[in-house]
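Participant: Let me begin by handing over the structure; questions about it come next.
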Amino acid sequence: MEQNDIAQILITEEELQARIKELAAEISQAYAGKEPLLVSVLKGSIVFMADLIRQLTVPHAIDFMATSSYGAATETSGVVRILKDLDEPIEGLDVLIVEDIIDSGNTLDYLRNLLLARNPASLRIVTLLSKPSRREVDVPVDWVGFEIPNKFVIGYGLDYGERYRNLPFIGVLKSEVYNPDDGPVET
Ligand code: 7HP
């Protein structure tokens, strides 16, 4: 069972939901009288996006983008390939990028500049998680749900090999899941 692969729960379901309620209240206040477009970056952010929009009190629209790295080069250049672009132009719109996690910041920085070039009225960023110790580019982030240590996390949309996205909490995997050498010794 997937729950057996979890070494530690970092953020519980209750903590996630309480924080998302707070974020939604702040975001609703920030966009009072406006109608923002929320842009979810696939795939990890879909669970956060789904819970966040259900707590928003301002009218809004949603759209999705999908990116893929160019392999190792992305680590240094931050150049990403757009696999799915937005459905509509964003010129003059108040755009809010919805991220699951900010790590180095390279991909997000690239995406932010790409969207800024399309002349939105405003462009802000909300991320559920941030790993400040991993940051390579200083991307201006407007709302951060939780700052977390440099551990590989899964659950609540985040995956390891496409698994674990369904877990309602943020957890850390047992090392033997991705390193069989750490597994129990057979006698
Ligand atoms: C991406 C990502 N995906 C899952 N878990 C993490 O800790 C991650 N960091 N960046």
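Following the order of the structure tokens, chains are lettered A, B, ..., residues in each are numbered from 1, and ligands are numbered from 1.
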Would you list the contacts of Ala30 in chain A as a PDB file with all heavy atoms, in the first residue's frame, taking every protein, DNA or RNA residue within 12 Å and counting only C-alpha atoms, but skipping same-chain residues closer than 6 positions in sequence?
Facilitator:
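Ended up saving to out-v3.pdb:
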```
ATOM      1  N   LEU A  23      -4.892  31.417   2.555  1.00  0.00           N
ATOM      2  CA  LEU A  23      -4.389  31.934   1.274  1.00  0.00           C
ATOM      3  C   LEU A  23      -5.540  32.434   0.413  1.00  0.00           C
ATOM      4  O   LEU A  23      -5.459  33.510  -0.195  1.00  0.00           O
ATOM      5  CB  LEU A  23      -3.631  30.836   0.515  1.00  0.00           C
ATOM      6  CG  LEU A  23      -2.278  30.402   1.080  1.00  0.00           C
ATOM      7  CD1 LEU A  23      -1.776  29.165   0.335  1.00  0.00           C
ATOM      8  CD2 LEU A  23      -1.258  31.528   0.968  1.00  0.00           C
ATOM      9  N   ALA A  24      -6.623  31.657   0.369  1.00  0.00           N
ATOM     10  CA  ALA A  24      -7.775  32.027  -0.462  1.00  0.00           C
ATOM     11  C   ALA A  24      -8.389  33.339   0.026  1.00  0.00           C
ATOM     12  O   ALA A  24      -8.815  34.169  -0.792  1.00  0.00           O
ATOM     13  CB  ALA A  24      -8.809  30.912  -0.455  1.00  0.00           C
ATOM     14  N   PRO A  36      -9.627  37.584 -11.662  1.00  0.00           N
ATOM     15  CA  PRO A  36      -8.338  37.035 -12.086  1.00  0.00           C
ATOM     16  C   PRO A  36      -8.456  35.756 -12.904  1.00  0.00           C
ATOM     17  O   PRO A  36      -9.461  35.041 -12.833  1.00  0.00           O
ATOM     18  CB  PRO A  36      -7.623  36.744 -10.752  1.00  0.00           C
ATOM     19  CG  PRO A  36      -8.719  36.562  -9.761  1.00  0.00           C
ATOM     20  CD  PRO A  36      -9.828  37.471 -10.204  1.00  0.00           C
ATOM     21  N   LEU A  56     -12.157  30.522  -2.964  1.00  0.00           N
ATOM     22  CA  LEU A  56     -12.098  31.914  -3.426  1.00  0.00           C
ATOM     23  C   LEU A  56     -13.494  32.524  -3.408  1.00  0.00           C
ATOM     24  O   LEU A  56     -14.474  31.846  -3.723  1.00  0.00           O
ATOM     25  CB  LEU A  56     -11.532  32.000  -4.846  1.00  0.00           C
ATOM     26  CG  LEU A  56     -10.046  31.748  -5.041  1.00  0.00           C
ATOM     27  CD1 LEU A  56      -9.685  31.927  -6.512  1.00  0.00           C
ATOM     28  CD2 LEU A  56      -9.191  32.655  -4.173  1.00  0.00           C
ATOM     29  N   THR A  57     -13.552  33.807  -3.069  1.00  0.00           N
ATOM     30  CA  THR A  57     -14.861  34.477  -3.051  1.00  0.00           C
ATOM     31  C   THR A  57     -14.990  35.491  -4.184  1.00  0.00           C
ATOM     32  O   THR A  57     -16.011  36.152  -4.302  1.00  0.00           O
ATOM     33  CB  THR A  57     -15.098  35.164  -1.689  1.00  0.00           C
ATOM     34  OG1 THR A  57     -13.998  36.032  -1.423  1.00  0.00           O
ATOM     35  CG2 THR A  57     -15.218  34.144  -0.574  1.00  0.00           C
ATOM     36  N   VAL A  58     -13.934  35.629  -5.016  1.00  0.00           N
ATOM     37  CA  VAL A  58     -14.032  36.506  -6.192  1.00  0.00           C
ATOM     38  C   VAL A  58     -14.276  35.657  -7.437  1.00  0.00           C
ATOM     39  O   VAL A  58     -13.810  34.513  -7.502  1.00  0.00           O
ATOM     40  CB  VAL A  58     -12.736  37.332  -6.421  1.00  0.00           C
ATOM     41  CG1 VAL A  58     -12.648  38.487  -5.461  1.00  0.00           C
ATOM     42  CG2 VAL A  58     -11.499  36.454  -6.367  1.00  0.00           C
ATOM     43  N   ASP A  94      -5.638  40.060 -15.150  1.00  0.00           N
ATOM     44  CA  ASP A  94      -4.929  39.879 -13.887  1.00  0.00           C
ATOM     45  C   ASP A  94      -4.661  38.391 -13.712  1.00  0.00           C
ATOM     46  O   ASP A  94      -5.586  37.622 -13.436  1.00  0.00           O
ATOM     47  CB  ASP A  94      -5.774  40.417 -12.727  1.00  0.00           C
ATOM     48  CG  ASP A  94      -5.902  41.929 -12.797  1.00  0.00           C
ATOM     49  OD1 ASP A  94      -4.869  42.608 -12.671  1.00  0.00           O
ATOM     50  OD2 ASP A  94      -7.032  42.425 -13.014  1.00  0.00           O
ATOM     51  N   LEU A  96      -2.791  35.033 -12.136  1.00  0.00           N
ATOM     52  CA  LEU A  96      -2.172  34.458 -10.932  1.00  0.00           C
ATOM     53  C   LEU A  96      -1.659  33.065 -11.281  1.00  0.00           C
ATOM     54  O   LEU A  96      -2.444  32.161 -11.602  1.00  0.00           O
ATOM     55  CB  LEU A  96      -3.200  34.371  -9.794  1.00  0.00           C
ATOM     56  CG  LEU A  96      -2.716  33.716  -8.498  1.00  0.00           C
ATOM     57  CD1 LEU A  96      -1.564  34.495  -7.864  1.00  0.00           C
ATOM     58  CD2 LEU A  96      -3.870  33.584  -7.498  1.00  0.00           C
ATOM     59  N   SER A 122      -1.624  42.419 -14.619  1.00  0.00           N
ATOM     60  CA  SER A 122      -0.768  42.108 -13.477  1.00  0.00           C
ATOM     61  C   SER A 122      -0.430  40.628 -13.519  1.00  0.00           C
ATOM     62  O   SER A 122      -1.138  39.841 -14.162  1.00  0.00           O
ATOM     63  CB  SER A 122      -1.474  42.446 -12.155  1.00  0.00           C
ATOM     64  OG  SER A 122      -2.584  41.581 -11.951  1.00  0.00           O
ATOM     65  N   ARG A 124       0.875  37.705 -10.714  1.00  0.00           N
ATOM     66  CA  ARG A 124       1.319  37.338  -9.372  1.00  0.00           C
ATOM     67  C   ARG A 124       1.464  35.829  -9.291  1.00  0.00           C
ATOM     68  O   ARG A 124       1.014  35.095 -10.183  1.00  0.00           O
ATOM     69  CB  ARG A 124       0.331  37.855  -8.332  1.00  0.00           C
ATOM     70  CG  ARG A 124       0.415  39.374  -8.241  1.00  0.00           C
ATOM     71  CD  ARG A 124      -0.179  39.876  -6.956  1.00  0.00           C
ATOM     72  NE  ARG A 124      -1.386  40.614  -7.234  1.00  0.00           N
ATOM     73  CZ  ARG A 124      -1.960  41.445  -6.365  1.00  0.00           C
ATOM     74  NH1 ARG A 124      -1.452  41.638  -5.170  1.00  0.00           N
ATOM     75  NH2 ARG A 124      -3.058  42.081  -6.699  1.00  0.00           N
ATOM     76  N   ASP A 142       4.301  35.987  -4.427  1.00  0.00           N
ATOM     77  CA  ASP A 142       3.383  36.800  -3.623  1.00  0.00           C
ATOM     78  C   ASP A 142       2.820  36.051  -2.421  1.00  0.00           C
ATOM     79  O   ASP A 142       2.603  36.629  -1.375  1.00  0.00           O
ATOM     80  CB  ASP A 142       2.255  37.304  -4.530  1.00  0.00           C
ATOM     81  CG  ASP A 142       2.806  38.192  -5.630  1.00  0.00           C
ATOM     82  OD1 ASP A 142       2.931  39.398  -5.415  1.00  0.00           O
ATOM     83  OD2 ASP A 142       3.171  37.649  -6.705  1.00  0.00           O
ATOM     84  N   TRP A 143       2.547  34.763  -2.604  1.00  0.00           N
ATOM     85  CA  TRP A 143       2.007  33.964  -1.496  1.00  0.00           C
ATOM     86  C   TRP A 143       2.693  32.604  -1.458  1.00  0.00           C
ATOM     87  O   TRP A 143       2.783  31.928  -2.493  1.00  0.00           O
ATOM     88  CB  TRP A 143       0.504  33.736  -1.658  1.00  0.00           C
ATOM     89  CG  TRP A 143      -0.324  34.973  -1.528  1.00  0.00           C
ATOM     90  CD1 TRP A 143      -0.726  35.565  -0.362  1.00  0.00           C
ATOM     91  CD2 TRP A 143      -0.873  35.770  -2.591  1.00  0.00           C
ATOM     92  NE1 TRP A 143      -1.484  36.683  -0.639  1.00  0.00           N
ATOM     93  CE2 TRP A 143      -1.593  36.829  -1.998  1.00  0.00           C
ATOM     94  CE3 TRP A 143      -0.823  35.691  -3.982  1.00  0.00           C
ATOM     95  CZ2 TRP A 143      -2.256  37.797  -2.753  1.00  0.00           C
ATOM     96  CZ3 TRP A 143      -1.477  36.652  -4.734  1.00  0.00           C
ATOM     97  CH2 TRP A 143      -2.187  37.687  -4.122  1.00  0.00           C
TER      98      TRP A 143
END
```
Participant: Hey, which residues sit close to ligand 1? Say within 7 Å, counting only C-alpha atoms and all ligand atoms, and write them as a PyMOL selection string.
Facilitator: chain A and resi 101-103+151-154+158-160
Participant: Just N, CA, C and O atoms for this one: save the residues we selected as a CSV table (one decimal), in the first residue's frame.
Facilitator:
```
chain,number,residue,atom,x,y,z
A,101,ILE,N,5.1,23.7,-6.1
A,101,ILE,CA,6.4,23.8,-5.3
A,101,ILE,C,7.4,24.6,-6.1
A,101,ILE,O,7.5,24.5,-7.3
A,102,ILE,N,8.1,25.5,-5.4
A,102,ILE,CA,9.2,26.2,-6.0
A,102,ILE,C,10.5,25.7,-5.4
A,102,ILE,O,10.7,25.7,-4.2
A,103,ASP,N,11.3,25.2,-6.4
A,103,ASP,CA,12.6,24.5,-6.0
A,103,ASP,C,13.7,25.5,-6.4
A,103,ASP,O,13.9,26.5,-5.7
A,151,LYS,N,13.9,18.3,1.3
A,151,LYS,CA,13.6,16.9,1.3
A,151,LYS,C,12.7,16.6,0.1
A,151,LYS,O,11.9,17.5,-0.3
A,152,PHE,N,12.8,15.4,-0.5
A,152,PHE,CA,11.9,15.1,-1.6
A,152,PHE,C,10.5,14.8,-1.1
A,152,PHE,O,10.4,13.8,-0.3
A,153,VAL,N,9.5,15.5,-1.5
A,153,VAL,CA,8.2,15.3,-0.9
A,153,VAL,C,7.2,14.8,-1.9
A,153,VAL,O,7.3,15.1,-3.1
A,154,ILE,N,6.2,14.1,-1.5
A,154,ILE,CA,5.1,13.6,-2.4
A,154,ILE,C,3.8,13.8,-1.7
A,154,ILE,O,3.7,14.1,-0.5
A,158,LEU,N,1.8,16.1,-5.7
A,158,LEU,CA,3.3,15.9,-6.0
A,158,LEU,C,3.5,14.4,-6.1
A,158,LEU,O,3.0,13.6,-5.3
A,159,ASP,N,4.4,14.0,-7.1
A,159,ASP,CA,4.6,12.6,-7.4
A,159,ASP,C,6.0,12.2,-7.3
A,159,ASP,O,6.9,13.0,-7.2
A,160,TYR,N,6.1,10.9,-7.2
A,160,TYR,CA,7.4,10.2,-7.5
A,160,TYR,C,7.1,9.2,-8.5
A,160,TYR,O,6.3,8.2,-8.2
```
Participant: Write out as an NGL selection string which residues come within 7 Å of Thr67 in chain A when counting only C-alpha atoms, dropping same-chain ones fewer than 5 positions away.
Facilitator: :A and (80-84)
Participant: Residues within 6 Å of Val39 in chain A, please, as a list in words. Count only C-alpha atoms; anything in the same chain fewer than 6 positions from it doesn't count.
Facilitator: Ile62, Asp63, Phe64, Ile97 and Val98 of chain A
Participant: So which residues touch range 105-111 of chain A within 12 Å, counting only C-alpha atoms, skipping near sequence neighbours fewer than 5 positions away, as a ChimeraX atom specification?
Facilitator: /A:39-41,65-70,73-82,85-86,96-100,116-118,123-127,129-141
Participant: Using only C-alpha atoms, find the one residue out of A:Glu15, A:Asn4, A:Glu22, A:Ala121 that sits nearest to Glu35 in chain A.
Facilitator: A:Ala121
Participant: Pick the closest to Arg165 in chain A from A:Thr12, A:Lys43, A:Leu93, A:Arg112: which is it, counting only C-alpha atoms?
Facilitator: A:Lys43
Participant: Quick check, in Å to one decimal: how far apart do CA of Gln8 in chain A and CA of Ile170 in chain A lie?
Facilitator: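 If I compute the distance from CA of Gln8 in chain A to CA of Ile170 in chain A, I get 8.8 Å.
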Participant: Expressed in Å to a single decimal, how great is the separation between CA of Gly145 in chain A and CA of Ala32 in chain A?
Facilitator: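 If I compute the distance from CA of Gly145 in chain A to CA of Ala32 in chain A, I get 20.5 Å.
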Participant: Nearest to Leu115 in chain A: which of A:Leu16, A:Glu88, A:Phe146, A:Leu128 is it, counting only C-alpha atoms?
Facilitator: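 Ranked by minimum distance to Leu115 in chain A, first place goes to A:Glu88.
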Participant: CA of Leu10 in chain A and CA of Pro149 in chain A, how far apart in Å?
Facilitator: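 So the answer is 9.7 Å.
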Participant: May I have all residues of chain A that DSSP, computed from the backbone, assigns to helix (DSSP H, G or I), given as a ChimeraX atom specification?
Facilitator: /A:2-5,13-30,46-53,73-77,106-116,132-134,175-178,180-182
